[in-house]
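Text of structure_1.cif (mmCIF, C-alpha atoms and all ligand atoms) as supplied:
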data_query
loop_
_atom_site.label_atom_id
_atom_site.label_comp_id
_atom_site.auth_asym_id
_atom_site.auth_seq_id
_atom_site.Cartn_x
_atom_site.Cartn_y
_atom_site.Cartn_z
CA MET A 1 223.81 -55.81 -62.20
CA ALA A 2 223.83 -58.65 -64.71
CA GLU A 3 222.21 -56.53 -67.37
CA GLU A 4 225.08 -54.05 -67.46
CA THR A 5 227.65 -56.60 -68.54
CA LEU A 6 225.39 -57.41 -71.50
CA VAL A 7 225.42 -53.83 -72.77
CA ARG A 8 228.57 -52.68 -74.54
CA ASN A 9 229.33 -48.97 -74.69
CA TYR A 10 232.07 -48.34 -77.24
CA ASN A 11 232.10 -44.65 -76.47
CA ILE A 12 233.41 -45.58 -73.02
CA GLU A 13 235.33 -48.74 -73.95
CA SER A 14 237.30 -47.05 -76.74
CA GLY A 15 238.16 -44.08 -74.57
CA LEU A 16 236.49 -41.67 -77.01
CA GLY A 17 234.66 -40.06 -74.11
CA GLU A 18 237.87 -39.44 -72.17
CA SER A 19 238.72 -36.40 -74.24
CA LEU A 20 235.99 -34.49 -72.40
CA PRO A 21 237.21 -31.89 -69.90
CA LYS A 22 237.46 -33.01 -66.27
CA LYS A 23 234.85 -30.54 -65.11
CA ILE A 24 231.95 -29.48 -67.29
CA LEU A 25 230.21 -26.26 -66.19
CA PHE A 26 226.57 -25.96 -67.27
CA TRP A 27 225.52 -22.49 -68.37
CA ASP A 28 221.75 -22.14 -68.46
CA GLU A 29 220.10 -19.87 -71.05
CA THR A 30 216.43 -20.68 -70.32
CA MET A 31 215.75 -17.26 -68.78
CA ARG A 32 217.53 -15.28 -71.54
CA ASP A 33 217.61 -17.03 -74.94
CA GLY A 34 214.79 -19.33 -73.78
CA GLU A 35 212.68 -16.31 -72.97
CA GLN A 36 213.41 -14.99 -76.48
CA THR A 37 211.35 -17.90 -77.85
CA PRO A 38 208.57 -16.10 -79.77
CA GLY A 39 205.67 -15.34 -77.44
CA VAL A 40 207.42 -16.35 -74.20
CA TYR A 41 207.62 -14.09 -71.17
CA PHE A 42 208.72 -14.95 -67.62
CA SER A 43 207.85 -12.65 -64.72
CA PRO A 44 210.64 -11.91 -62.19
CA GLU A 45 209.03 -14.29 -59.71
CA GLU A 46 208.83 -17.03 -62.36
CA LYS A 47 212.49 -16.53 -63.20
CA LEU A 48 213.30 -16.97 -59.54
CA ARG A 49 211.40 -20.28 -59.45
CA ILE A 50 213.24 -21.60 -62.51
CA ALA A 51 216.60 -20.31 -61.28
CA THR A 52 216.14 -21.81 -57.82
CA THR A 53 215.27 -25.23 -59.21
CA LEU A 54 218.19 -25.23 -61.66
CA SER A 55 220.63 -24.01 -59.02
CA GLU A 56 219.49 -26.73 -56.61
CA MET A 57 219.98 -29.27 -59.40
CA GLY A 58 223.61 -28.17 -59.73
CA VAL A 59 223.62 -25.82 -62.72
CA ASP A 60 226.78 -23.69 -62.40
CA ILE A 61 226.07 -20.48 -64.30
CA MET A 62 222.78 -18.85 -65.27
CA ASP A 63 222.20 -16.06 -67.75
CA VAL A 64 219.02 -14.56 -66.31
CA GLY A 65 218.34 -11.71 -68.71
CA ILE A 66 219.31 -8.47 -70.44
CA PRO A 67 218.60 -5.73 -67.87
CA VAL A 68 218.48 -2.91 -70.42
CA VAL A 69 215.40 -4.51 -72.07
CA SER A 70 212.91 -3.13 -69.52
CA LYS A 71 212.48 -2.12 -65.88
CA GLU A 72 210.71 -5.43 -65.18
CA GLU A 73 213.55 -7.38 -66.81
CA ALA A 74 216.07 -5.55 -64.60
CA ARG A 75 213.92 -6.31 -61.56
CA GLY A 76 213.94 -10.00 -62.49
CA VAL A 77 217.72 -10.09 -62.90
CA LYS A 78 218.20 -8.28 -59.59
CA LEU A 79 215.75 -10.58 -57.79
CA VAL A 80 217.62 -13.71 -58.92
CA ALA A 81 221.05 -12.12 -58.34
CA ASN A 82 220.16 -11.34 -54.72
CA ALA A 83 218.46 -14.67 -53.93
CA GLY A 84 221.62 -16.23 -52.52
CA LEU A 85 221.65 -19.13 -55.01
CA ASP A 86 224.73 -21.34 -55.37
CA ALA A 87 224.89 -20.79 -59.12
CA SER A 88 226.83 -17.84 -60.48
CA ILE A 89 224.31 -15.28 -61.76
CA LEU A 90 225.07 -13.52 -64.99
CA ALA A 91 223.33 -10.89 -67.09
CA ALA A 92 223.87 -10.20 -70.76
CA CYS A 93 224.58 -6.91 -72.52
CA ARG A 94 225.58 -5.51 -75.86
CA ALA A 95 229.02 -3.89 -76.00
CA VAL A 96 227.28 -0.62 -75.22
CA ARG A 97 228.01 1.37 -72.08
CA ARG A 98 224.46 1.81 -70.77
CA ASP A 99 223.79 -1.94 -71.28
CA VAL A 100 226.85 -2.86 -69.24
CA GLU A 101 225.95 -0.35 -66.53
CA ALA A 102 222.43 -1.78 -66.33
CA CYS A 103 223.92 -5.24 -65.61
CA ILE A 104 226.27 -3.96 -62.93
CA GLU A 105 223.36 -2.14 -61.24
CA CYS A 106 221.57 -5.51 -60.88
CA ASP A 107 224.23 -6.92 -58.51
CA VAL A 108 225.13 -9.84 -60.81
CA ASP A 109 228.27 -11.93 -60.31
CA GLU A 110 229.17 -11.85 -63.99
CA VAL A 111 228.34 -10.06 -67.21
CA SER A 112 228.43 -11.48 -70.69
CA ILE A 113 229.21 -8.80 -73.24
CA PHE A 114 228.14 -9.74 -76.74
CA ILE A 115 228.76 -8.33 -80.18
CA ALA A 116 228.43 -9.75 -83.68
CA CYS A 117 231.65 -10.73 -85.44
CA SER A 118 230.73 -12.04 -88.89
CA ASP A 119 231.21 -9.63 -91.79
CA LEU A 120 227.56 -10.25 -92.69
CA HIS A 121 226.34 -8.97 -89.31
CA LEU A 122 228.87 -6.12 -89.26
CA LYS A 123 227.76 -4.86 -92.66
CA TYR A 124 224.00 -5.33 -92.51
CA LYS A 125 223.15 -5.29 -88.81
CA LEU A 126 225.70 -3.20 -86.95
CA ASN A 127 226.95 -1.03 -89.79
CA MET A 128 230.33 -1.09 -88.06
CA THR A 129 233.85 -1.88 -89.24
CA ARG A 130 235.92 -4.68 -87.73
CA GLU A 131 238.04 -2.04 -85.98
CA GLN A 132 234.97 -0.37 -84.47
CA VAL A 133 233.67 -3.70 -83.17
CA LEU A 134 237.04 -4.52 -81.64
CA ASP A 135 237.25 -1.09 -79.99
CA ALA A 136 233.76 -1.44 -78.50
CA ALA A 137 234.54 -4.93 -77.19
CA VAL A 138 237.79 -3.82 -75.55
CA ARG A 139 236.23 -0.67 -74.08
CA GLU A 140 233.31 -2.49 -72.46
CA CYS A 141 235.33 -5.50 -71.23
CA GLU A 142 237.72 -3.07 -69.52
CA TYR A 143 234.83 -1.13 -68.02
CA ALA A 144 233.11 -4.23 -66.65
CA LYS A 145 236.34 -5.62 -65.23
CA ALA A 146 237.05 -2.31 -63.49
CA HIS A 147 233.66 -2.67 -61.77
CA GLY A 148 234.56 -5.98 -60.19
CA VAL A 149 232.28 -8.36 -62.10
CA GLY A 150 233.37 -11.50 -63.94
CA VAL A 151 233.66 -10.82 -67.66
CA THR A 152 232.61 -13.20 -70.41
CA PHE A 153 233.07 -12.09 -73.99
CA VAL A 154 230.59 -13.45 -76.54
CA THR A 155 230.58 -13.09 -80.28
CA GLU A 156 227.42 -13.72 -82.25
CA ASP A 157 227.65 -15.66 -85.49
CA THR A 158 231.20 -16.81 -84.67
CA PHE A 159 231.16 -19.77 -87.02
CA ARG A 160 230.35 -17.71 -90.13
CA ALA A 161 232.99 -15.09 -89.38
CA ASP A 162 236.54 -14.62 -90.67
CA PHE A 163 238.69 -16.96 -88.58
CA ASP A 164 241.68 -14.64 -88.19
CA TYR A 165 239.39 -11.82 -87.12
CA VAL A 166 237.74 -14.08 -84.53
CA VAL A 167 241.16 -14.81 -83.05
CA GLN A 168 242.17 -11.15 -83.07
CA LEU A 169 238.90 -10.03 -81.47
CA TYR A 170 238.97 -12.61 -78.66
CA ASN A 171 242.62 -11.98 -77.84
CA ALA A 172 241.88 -8.26 -77.56
CA ALA A 173 238.90 -8.99 -75.28
CA ILE A 174 241.03 -11.33 -73.15
CA ASP A 175 243.69 -8.61 -72.78
CA ALA A 176 240.88 -6.27 -71.75
CA GLY A 177 239.78 -8.56 -68.91
CA ALA A 178 237.53 -11.30 -70.35
CA THR A 179 238.19 -14.65 -68.69
CA ARG A 180 235.63 -16.71 -70.59
CA ALA A 181 235.05 -16.84 -74.36
CA VAL A 182 231.69 -17.90 -75.82
CA PHE A 183 231.51 -18.98 -79.46
CA SER A 184 227.98 -18.77 -80.82
CA ASP A 185 226.53 -20.88 -83.57
CA THR A 186 223.81 -18.27 -83.85
CA VAL A 187 221.91 -19.83 -86.76
CA GLY A 188 222.84 -23.46 -86.16
CA TYR A 189 225.26 -23.49 -89.10
CA THR A 190 227.82 -25.88 -87.63
CA THR A 191 228.26 -29.65 -87.88
CA PRO A 192 230.00 -31.81 -85.26
CA ALA A 193 233.15 -32.33 -87.37
CA MET A 194 233.34 -28.64 -88.21
CA MET A 195 232.91 -27.74 -84.55
CA LYS A 196 235.86 -29.93 -83.56
CA TRP A 197 237.98 -28.50 -86.36
CA PHE A 198 237.10 -24.90 -85.47
CA ILE A 199 237.68 -25.25 -81.72
CA GLY A 200 240.88 -27.24 -82.24
CA LYS A 201 242.25 -24.52 -84.50
CA LEU A 202 241.18 -21.75 -82.10
CA LYS A 203 242.77 -23.36 -79.05
CA GLY A 204 246.26 -22.98 -80.46
CA LYS A 205 245.76 -19.30 -81.15
CA LEU A 206 243.86 -17.90 -78.19
CA LYS A 207 245.42 -16.50 -75.04
CA PRO A 208 244.47 -18.44 -71.87
CA VAL A 209 240.68 -18.32 -71.43
CA GLN A 210 237.82 -20.62 -70.45
CA LEU A 211 236.00 -21.87 -73.56
CA SER A 212 232.23 -21.95 -73.97
CA VAL A 213 229.78 -22.65 -76.81
CA HIS A 214 226.23 -21.53 -77.58
CA CYS A 215 224.58 -23.86 -80.10
CA HIS A 216 221.27 -23.45 -81.93
CA ASP A 217 219.09 -26.24 -83.25
CA ASP A 218 218.11 -25.02 -86.72
CA PHE A 219 219.26 -28.33 -88.22
CA GLY A 220 218.59 -30.42 -85.11
CA LEU A 221 222.33 -30.54 -84.34
CA ALA A 222 222.59 -28.33 -81.26
CA VAL A 223 223.27 -31.16 -78.79
CA ALA A 224 225.54 -33.04 -81.21
CA ASN A 225 227.52 -29.85 -81.84
CA SER A 226 227.75 -29.15 -78.11
CA LEU A 227 229.09 -32.67 -77.51
CA ALA A 228 231.62 -32.18 -80.31
CA ALA A 229 232.72 -28.92 -78.66
CA LEU A 230 233.17 -30.71 -75.32
CA GLU A 231 235.22 -33.42 -77.05
CA ALA A 232 237.40 -30.63 -78.44
CA GLY A 233 238.00 -29.30 -74.92
CA VAL A 234 235.25 -26.74 -74.38
CA GLU A 235 234.24 -26.64 -70.71
CA VAL A 236 231.06 -24.56 -70.68
CA PRO A 237 228.12 -25.60 -72.90
CA HIS A 238 225.02 -23.38 -73.03
CA THR A 239 221.65 -25.10 -72.70
CA CYS A 240 217.95 -24.33 -72.34
CA VAL A 241 215.42 -26.51 -70.54
CA ASN A 242 213.14 -28.21 -73.13
CA GLY A 243 215.40 -26.81 -75.86
CA LEU A 244 213.68 -23.40 -75.75
CA GLY A 245 215.24 -20.45 -77.56
CA GLU A 246 215.11 -18.36 -80.70
CA ARG A 247 213.52 -20.14 -83.71
CA SER A 248 214.11 -23.89 -83.25
CA GLY A 249 215.79 -23.28 -79.93
CA ASN A 250 219.08 -24.01 -78.20
CA ALA A 251 220.78 -27.23 -77.12
CA ALA A 252 218.35 -28.91 -74.70
CA PHE A 253 219.59 -29.16 -71.11
CA GLU A 254 217.99 -32.55 -70.48
CA GLU A 255 219.38 -34.02 -73.69
CA LEU A 256 222.95 -32.85 -73.20
CA VAL A 257 223.09 -33.85 -69.52
CA MET A 258 221.60 -37.31 -70.10
CA ALA A 259 223.81 -37.94 -73.13
CA LEU A 260 226.83 -37.20 -70.94
CA GLU A 261 225.53 -39.31 -68.05
CA VAL A 262 224.41 -42.32 -70.08
CA LEU A 263 226.34 -42.33 -73.34
CA TYR A 264 229.65 -41.06 -71.92
CA GLY A 265 229.21 -42.51 -68.42
CA ARG A 266 229.97 -39.11 -66.90
CA LYS A 267 228.93 -37.89 -63.46
CA THR A 268 227.81 -34.41 -64.47
CA GLY A 269 227.03 -33.27 -60.93
CA ILE A 270 223.47 -32.45 -62.03
CA ASP A 271 220.65 -33.90 -59.91
CA VAL A 272 218.98 -35.69 -62.82
CA SER A 273 216.18 -37.04 -60.62
CA ARG A 274 214.54 -33.60 -60.96
CA MET A 275 214.81 -33.45 -64.76
CA ALA A 276 211.10 -34.17 -65.39
CA GLU A 277 210.14 -31.66 -62.69
CA VAL A 278 212.16 -28.76 -64.13
CA SER A 279 210.95 -29.62 -67.63
CA LYS A 280 207.30 -29.46 -66.54
CA LEU A 281 207.91 -26.22 -64.64
CA VAL A 282 209.39 -24.56 -67.74
CA GLU A 283 206.60 -25.99 -69.91
CA GLN A 284 204.02 -24.44 -67.57
CA LEU A 285 205.71 -21.05 -67.23
CA SER A 286 206.72 -20.68 -70.89
CA GLY A 287 203.42 -21.94 -72.29
CA ILE A 288 205.37 -23.96 -74.88
CA PRO A 289 204.09 -27.55 -74.80
CA ILE A 290 206.79 -30.21 -74.92
CA ALA A 291 206.64 -32.06 -78.25
CA ILE A 292 205.19 -35.53 -77.77
CA ASN A 293 208.25 -37.14 -79.39
CA LYS A 294 210.78 -34.82 -77.71
CA ALA A 295 213.91 -36.64 -76.49
CA ILE A 296 214.10 -37.40 -72.74
CA VAL A 297 211.07 -35.35 -71.61
CA GLY A 298 208.50 -36.01 -74.38
CA TYR A 299 205.41 -38.08 -73.57
CA ASN A 300 206.60 -40.85 -75.88
CA SER A 301 210.19 -41.09 -74.60
CA PHE A 302 209.26 -44.01 -72.34
CA SER A 303 206.04 -45.20 -74.01
CA HIS A 304 205.76 -48.51 -75.82
CA GLU A 305 203.05 -49.83 -78.10
CA SER A 306 204.61 -52.27 -80.54
CA GLY A 307 204.24 -55.90 -79.47
CA ILE A 308 207.91 -56.74 -79.95
CA HIS A 309 209.09 -53.71 -77.97
CA ALA A 310 206.58 -54.07 -75.13
CA ASP A 311 207.47 -57.76 -74.84
CA GLY A 312 211.17 -56.89 -74.62
CA VAL A 313 210.69 -54.12 -72.07
CA ILE A 314 208.49 -56.29 -69.85
CA LYS A 315 211.22 -58.97 -69.84
CA MET A 316 214.13 -56.51 -69.38
CA THR A 317 213.62 -52.76 -69.66
CA SER A 318 217.06 -52.08 -71.14
CA THR A 319 216.17 -54.02 -74.32
CA TYR A 320 214.26 -51.02 -75.67
CA GLU A 321 215.06 -48.26 -73.19
CA PRO A 322 218.52 -46.64 -73.05
CA MET A 323 217.94 -45.60 -69.43
CA GLN A 324 215.42 -46.07 -66.67
CA PRO A 325 212.65 -43.43 -66.67
CA GLU A 326 212.71 -43.40 -62.84
CA ARG A 327 216.24 -41.98 -63.02
CA ILE A 328 214.89 -38.67 -64.28
CA GLY A 329 211.64 -38.71 -62.32
CA ARG A 330 209.44 -40.29 -65.02
CA GLU A 331 207.44 -43.48 -65.54
CA ARG A 332 207.15 -45.86 -68.46
CA ARG A 333 203.84 -46.37 -70.19
CA PHE A 334 202.44 -49.16 -72.30
CA ILE A 335 200.05 -47.94 -74.96
CA LEU A 336 197.50 -50.42 -76.25
CA GLY A 337 196.83 -50.06 -79.97
CA LYS A 338 197.17 -51.47 -83.45
CA HIS A 339 200.68 -52.77 -82.73
CA THR A 340 199.93 -54.35 -79.35
CA GLY A 341 200.97 -57.95 -78.66
CA SER A 342 199.91 -60.55 -76.11
CA THR A 343 202.66 -59.84 -73.54
CA ALA A 344 201.43 -56.30 -72.89
CA VAL A 345 197.80 -57.45 -72.53
CA GLU A 346 198.79 -60.35 -70.26
CA ASP A 347 200.94 -58.03 -68.18
CA LYS A 348 198.18 -55.47 -67.78
CA LEU A 349 195.64 -58.13 -66.75
CA ARG A 350 198.10 -59.73 -64.31
CA ARG A 351 198.99 -56.39 -62.67
CA HIS A 352 195.29 -55.82 -62.03
CA GLY A 353 194.72 -59.31 -60.67
CA VAL A 354 192.73 -60.60 -63.66
CA HIS A 355 193.51 -64.17 -64.72
CA ALA A 356 193.05 -65.05 -68.40
CA THR A 357 193.85 -68.13 -70.51
CA PRO A 358 196.14 -67.72 -73.55
CA GLU A 359 193.03 -68.10 -75.74
CA GLN A 360 191.23 -65.29 -73.90
CA VAL A 361 194.35 -63.07 -74.19
CA LYS A 362 194.41 -63.72 -77.96
CA VAL A 363 190.78 -62.63 -78.26
CA ILE A 364 191.41 -59.45 -76.28
CA VAL A 365 194.51 -58.60 -78.37
CA ALA A 366 192.49 -58.99 -81.57
CA MET A 367 189.74 -56.74 -80.21
CA VAL A 368 192.28 -54.10 -79.13
CA LYS A 369 193.76 -54.04 -82.65
CA ASP A 370 190.30 -53.82 -84.25
CA LEU A 371 189.23 -50.98 -82.00
CA ALA A 372 192.45 -49.03 -82.58
CA GLU A 373 192.21 -49.43 -86.35
CA SER A 374 188.56 -48.46 -86.55
CA ARG A 375 188.89 -45.20 -84.65
CA SER A 376 187.86 -42.12 -86.58
CA LYS A 377 190.55 -39.52 -87.18
CA GLU A 378 188.04 -36.81 -86.21
CA GLU A 379 189.26 -36.53 -82.63
CA GLN A 380 192.92 -36.22 -83.52
CA ALA A 381 192.17 -33.70 -86.26
CA ALA A 382 190.21 -31.66 -83.70
CA PHE A 383 193.15 -31.82 -81.29
CA ILE A 384 195.60 -30.53 -83.89
CA ARG A 385 193.16 -27.79 -84.91
CA MET A 386 192.73 -26.67 -81.31
CA TYR A 387 196.49 -26.74 -80.77
CA ARG A 388 197.18 -24.58 -83.84
CA GLU A 389 194.47 -22.10 -82.87
CA ARG A 390 195.82 -21.84 -79.33
CA GLU A 391 199.36 -21.38 -80.74
CA GLU A 392 198.15 -18.39 -82.74
CA LYS A 393 196.43 -16.86 -79.70
CA ARG A 394 199.34 -17.51 -77.37
CA ARG A 395 201.91 -15.71 -79.47
CA GLY A 396 202.56 -12.26 -78.04
CA VAL A 397 200.17 -9.45 -78.96
CA SER A 398 197.41 -10.30 -81.48
CA ASP A 399 196.78 -8.29 -84.64
CA ALA A 400 193.57 -6.83 -83.19
CA GLU A 401 195.42 -5.82 -80.01
CA PHE A 402 198.31 -4.34 -81.99
CA TRP A 403 196.07 -2.14 -84.16
CA SER A 404 194.14 -0.99 -81.13
CA LEU A 405 197.46 0.12 -79.58
CA VAL A 406 198.27 1.92 -82.85
CA ARG A 407 194.90 3.71 -82.64
CA LYS A 408 195.70 4.71 -79.06
CA ALA A 409 198.90 6.32 -80.36
CA GLY A 410 196.76 8.57 -82.58
CA LEU A 411 197.31 6.75 -85.92
CA THR A 412 194.69 5.24 -88.22
CA PRO A 413 194.80 1.46 -88.52
CA PRO A 414 194.31 -0.08 -92.00
CA PRO A 415 190.80 -1.05 -93.21
CA GLY A 416 189.56 -4.15 -91.44
CA PHE A 417 191.17 -3.18 -88.12
CA ARG A 418 189.27 0.09 -87.45
MN MN A 501 221.14 -17.56 -79.06
#

Produce structure tokens that represent the structure in this file.
Ligand code: MN
Amino acid sequence: MAEETLVRNYNIESGLGESLPKKILFWDETMRDGEQTPGVYFSPEEKLRIATTLSEMGVDIMDVGIPVVSKEEARGVKLVANAGLDASILAACRAVRRDVEACIECDVDEVSIFIACSDLHLKYKLNMTREQVLDAAVRECEYAKAHGVGVTFVTEDTFRADFDYVVQLYNAAIDAGATRAVFSDTVGYTTPAMMKWFIGKLKGKLKPVQLSVHCHDDFGLAVANSLAALEAGVEVPHTCVNGLGERSGNAAFEELVMALEVLYGRKTGIDVSRMAEVSKLVEQLSGIPIAINKAIVGYNSFSHESGIHADGVIKMTSTYEPMQPERIGRERRFILGKHTGSTAVEDKLRRHGVHATPEQVKVIVAMVKDLAESRSKEEQAAFIRMYREREEKRRGVSDAEFWSLVRKAGLTPPPGFR
């Protein structure tokens, strides 16, 4: 295509992208960390729908839940584990015996055993010493391995922990049977340069193990940090569809995959034509609306209003679009408004078989601008109000419901909730 020779990609031309590992394995967290998004709950059958779609798209590994959480959670994990999907099905557990047993009872292919490793978490959360944490990790990795499941060892808060202790802990877990190591940026504390530095330093010190990262988006850097980890040789990035997850979420699946496909020119092996479909499915089942300006899957990702941009896109889409929306199962939209120019109006008239002179087009453009600028803000204020109110209602159990449960337990709720 002529257009391609006009677009330079220095990431590819300079060879910067070649440092990525040959095979990147996508580890989905939508059904575990994604489900830990405040107020989100997936039924076992819903998890199966998400898992089936992602597996068909080519996702390699899926963390589908923490079986010890509830009977229904265990049923969900078991349902997905026994569905015969191509993806490897994994369940998560603390380094606690009954948690590990609960995973094994769900027929999963792999378990991921997690424990905190920063001194902050050890002191205030676990109330354990470094030695106690190491002992628990070794004990449970050995136990899981002896039961014939794949063993991944995960530390929480890896990037705020003592580096030498991180090395010691992982090497002990590897000796105990872990074949994959996950480093978690639990509160999104890392930057791309720091990620490269940390992973580079770790690689020289760890016994042979597959490397994986779990990045959070507290500073909007989850995808950038995941890419930096891949450039440093990590093979298994964790992602969530629509960037779901605790607080501001995890690295977004659609963003990481499309960055690799488009910006690095990589064939990821993911069927990206179903990206919009899986995003909408997760939006529906999670109840978390996709932000309008969200990368890749947001309403505005392929919408154009400004006259200069619409004109460019109508002449050649790649002028103001980094990729074709059709590639991920979407369509482009032209929005008529204050910034509209004559090309967009002409184009719209022409596509609907209406012929207009340049003078007539000019008149219509002026009227479009006037109308857009004179609109009252009442409607949009009402929309935001409704959205906020619905957000409050959607989140978990309401205050009124909570205090009525408290009353049921025989206690007296505070004044105002009686
Ligand atoms: Mn997490």

Nearest to ligand MN 501 (chain A), chosen from A:Asp271, A:Asp164, A:Glu235, A:Asp28, with only C-alpha atoms and all ligand atoms counted in the distances: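 Closest to ligand MN 501 (chain A) of all the choices is A:Asp28.
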
Contacts of A:Val69 within 12 Å, all atoms listed in the file, excl. fewer than 2 positions in-chain, as a list in words: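 Selected residues are Arg32, Gln36, Gly65, Ile66, Pro67, Lys71, Glu72, Glu73, Ala74, Arg75, Gly76, Val77, Ala91, Ala92, Cys93, Arg94, Arg98, Asp99, Val100, Ala102 and Cys103 of chain A.
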
Coordinates-based distance that separates atom CA of A:Glu246 from atom CA of A:Thr37 (Å, one decimal): 4.7 Å

Could you give me, as a compact mmCIF listing (two decimals) with C-alpha atoms, in the coordinates of the input, the residues within 12 Å of A:Val234, counting only C-alpha atoms and dropping anything in the same chain fewer than 2 positions from it?
# COMPACT_ATOMS: atom_id res chain seq x y z
CA SER A 19 238.72 -36.40 -74.24
CA LEU A 20 235.99 -34.49 -72.40
CA PRO A 21 237.21 -31.89 -69.90
CA LYS A 22 237.46 -33.01 -66.27
CA LYS A 23 234.85 -30.54 -65.11
CA ILE A 24 231.95 -29.48 -67.29
CA LEU A 25 230.21 -26.26 -66.19
CA PHE A 26 226.57 -25.96 -67.27
CA ARG A 180 235.63 -16.71 -70.59
CA ALA A 181 235.05 -16.84 -74.36
CA VAL A 182 231.69 -17.90 -75.82
CA PHE A 183 231.51 -18.98 -79.46
CA MET A 195 232.91 -27.74 -84.55
CA LYS A 196 235.86 -29.93 -83.56
CA PHE A 198 237.10 -24.90 -85.47
CA ILE A 199 237.68 -25.25 -81.72
CA GLY A 200 240.88 -27.24 -82.24
CA LEU A 202 241.18 -21.75 -82.10
CA LYS A 203 242.77 -23.36 -79.05
CA VAL A 209 240.68 -18.32 -71.43
CA GLN A 210 237.82 -20.62 -70.45
CA LEU A 211 236.00 -21.87 -73.56
CA SER A 212 232.23 -21.95 -73.97
CA VAL A 213 229.78 -22.65 -76.81
CA HIS A 214 226.23 -21.53 -77.58
CA ASN A 225 227.52 -29.85 -81.84
CA SER A 226 227.75 -29.15 -78.11
CA LEU A 227 229.09 -32.67 -77.51
CA ALA A 228 231.62 -32.18 -80.31
CA ALA A 229 232.72 -28.92 -78.66
CA LEU A 230 233.17 -30.71 -75.32
CA GLU A 231 235.22 -33.42 -77.05
CA ALA A 232 237.40 -30.63 -78.44
CA VAL A 236 231.06 -24.56 -70.68
CA PRO A 237 228.12 -25.60 -72.90
CA HIS A 238 225.02 -23.38 -73.03

All residues having an atom within 10 Å of ligand MN 501 (chain A) (all atoms listed in the file) as an NGL selection string: :A and (29 or 32-34 or 36-37 or 156-157 or 184-188 or 214-217 or 238-239 or 245-247 or 249-251)

Residue contacts of stretch 340-351 of chain A (8 Å, all atoms listed in the file) excluding same-chain residues fewer than 5 positions away, as a list in words: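 Everything that qualifies: Glu305, Ser306, Gly307, Ile308, Ala310, Asp311, Ile314, Phe334, Ile335, Ala356, Val361, Lys362, Ile364, Val365, Val368 and Lys369 of chain A.
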
Closest of A:Asn171, A:Ser279, A:Gln380, A:Ser112 to A:Val149 - atom-to-atom distances counting all atoms listed in the file: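 Nearest candidate to A:Val149 out of A:Asn171, A:Ser279, A:Gln380, A:Ser112: A:Ser112.
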
Computed interatomic separation between atom CA of A:Asp60 and atom CA of A:Val40 (Å): 23.8 Å

Interatomic distance (Å, one decimal) between atom CA of A:Leu244 and atom CA of A:Ala400: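 Computing it gives 27.1 Å between the two atoms.
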
Which residue of A:Leu405, A:Val154, A:Cys240, A:Leu120 approaches A:Met62 most closely, using all atoms listed in the file: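 Closest to A:Met62 of all the choices is A:Cys240.
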
Residue among A:Ala172, A:Val354, A:Ile104, A:Val59 lying closest to A:Thr268, counting all atoms listed in the file: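 Of all the options, A:Val59 lies closest to A:Thr268.
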
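The shortest atom-to-atom distance to A:Val223, with all atoms listed in the file taken into account, belongs to A:Glu254 out of A:Val68, A:Gly269, A:Met128, A:Glu254.
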
Given only C-alpha atoms as the counted atoms, nearest of A:Val151, A:Cys117, A:Met194, A:Ala137 to A:Ala173: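 Under the stated criterion, the closest residue is A:Ala137.
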
Compute the distance from (216.2, -46.3, -73.3) to each atom, counting only C-alpha atoms, keep the residues with any atom at most 12 Å away, and return them as a compact mmCIF listing (two decimals) with C-alpha atoms, keeping the file's coordinate frame; use the coordinates of the file.
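Written output follows (out.txt):
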# COMPACT_ATOMS: atom_id res chain seq x y z
CA VAL A 7 225.42 -53.83 -72.77
CA MET A 258 221.60 -37.31 -70.10
CA ALA A 259 223.81 -37.94 -73.13
CA VAL A 262 224.41 -42.32 -70.08
CA LEU A 263 226.34 -42.33 -73.34
CA ALA A 295 213.91 -36.64 -76.49
CA ILE A 296 214.10 -37.40 -72.74
CA ASN A 300 206.60 -40.85 -75.88
CA SER A 301 210.19 -41.09 -74.60
CA PHE A 302 209.26 -44.01 -72.34
CA SER A 303 206.04 -45.20 -74.01
CA HIS A 304 205.76 -48.51 -75.82
CA HIS A 309 209.09 -53.71 -77.97
CA GLY A 312 211.17 -56.89 -74.62
CA VAL A 313 210.69 -54.12 -72.07
CA MET A 316 214.13 -56.51 -69.38
CA THR A 317 213.62 -52.76 -69.66
CA SER A 318 217.06 -52.08 -71.14
CA THR A 319 216.17 -54.02 -74.32
CA TYR A 320 214.26 -51.02 -75.67
CA GLU A 321 215.06 -48.26 -73.19
CA PRO A 322 218.52 -46.64 -73.05
CA MET A 323 217.94 -45.60 -69.43
CA GLN A 324 215.42 -46.07 -66.67
CA PRO A 325 212.65 -43.43 -66.67
CA GLU A 326 212.71 -43.40 -62.84
CA ARG A 327 216.24 -41.98 -63.02
CA ILE A 328 214.89 -38.67 -64.28
CA ARG A 332 207.15 -45.86 -68.46

Answer as a PyMOL selection string, residues within 12 Å of (232.6, -4.9, -88.2) using only C-alpha atoms: chain A and resi 115-137+155-156+161-162+165-166+169

Contact residues around A:Tyr143 with all atoms listed in the file at 9 Å, ignoring same-chain residues under 4 positions, as an NGL selection string: :A and (97 or 100 or 138-139 or 147 or 176-177)
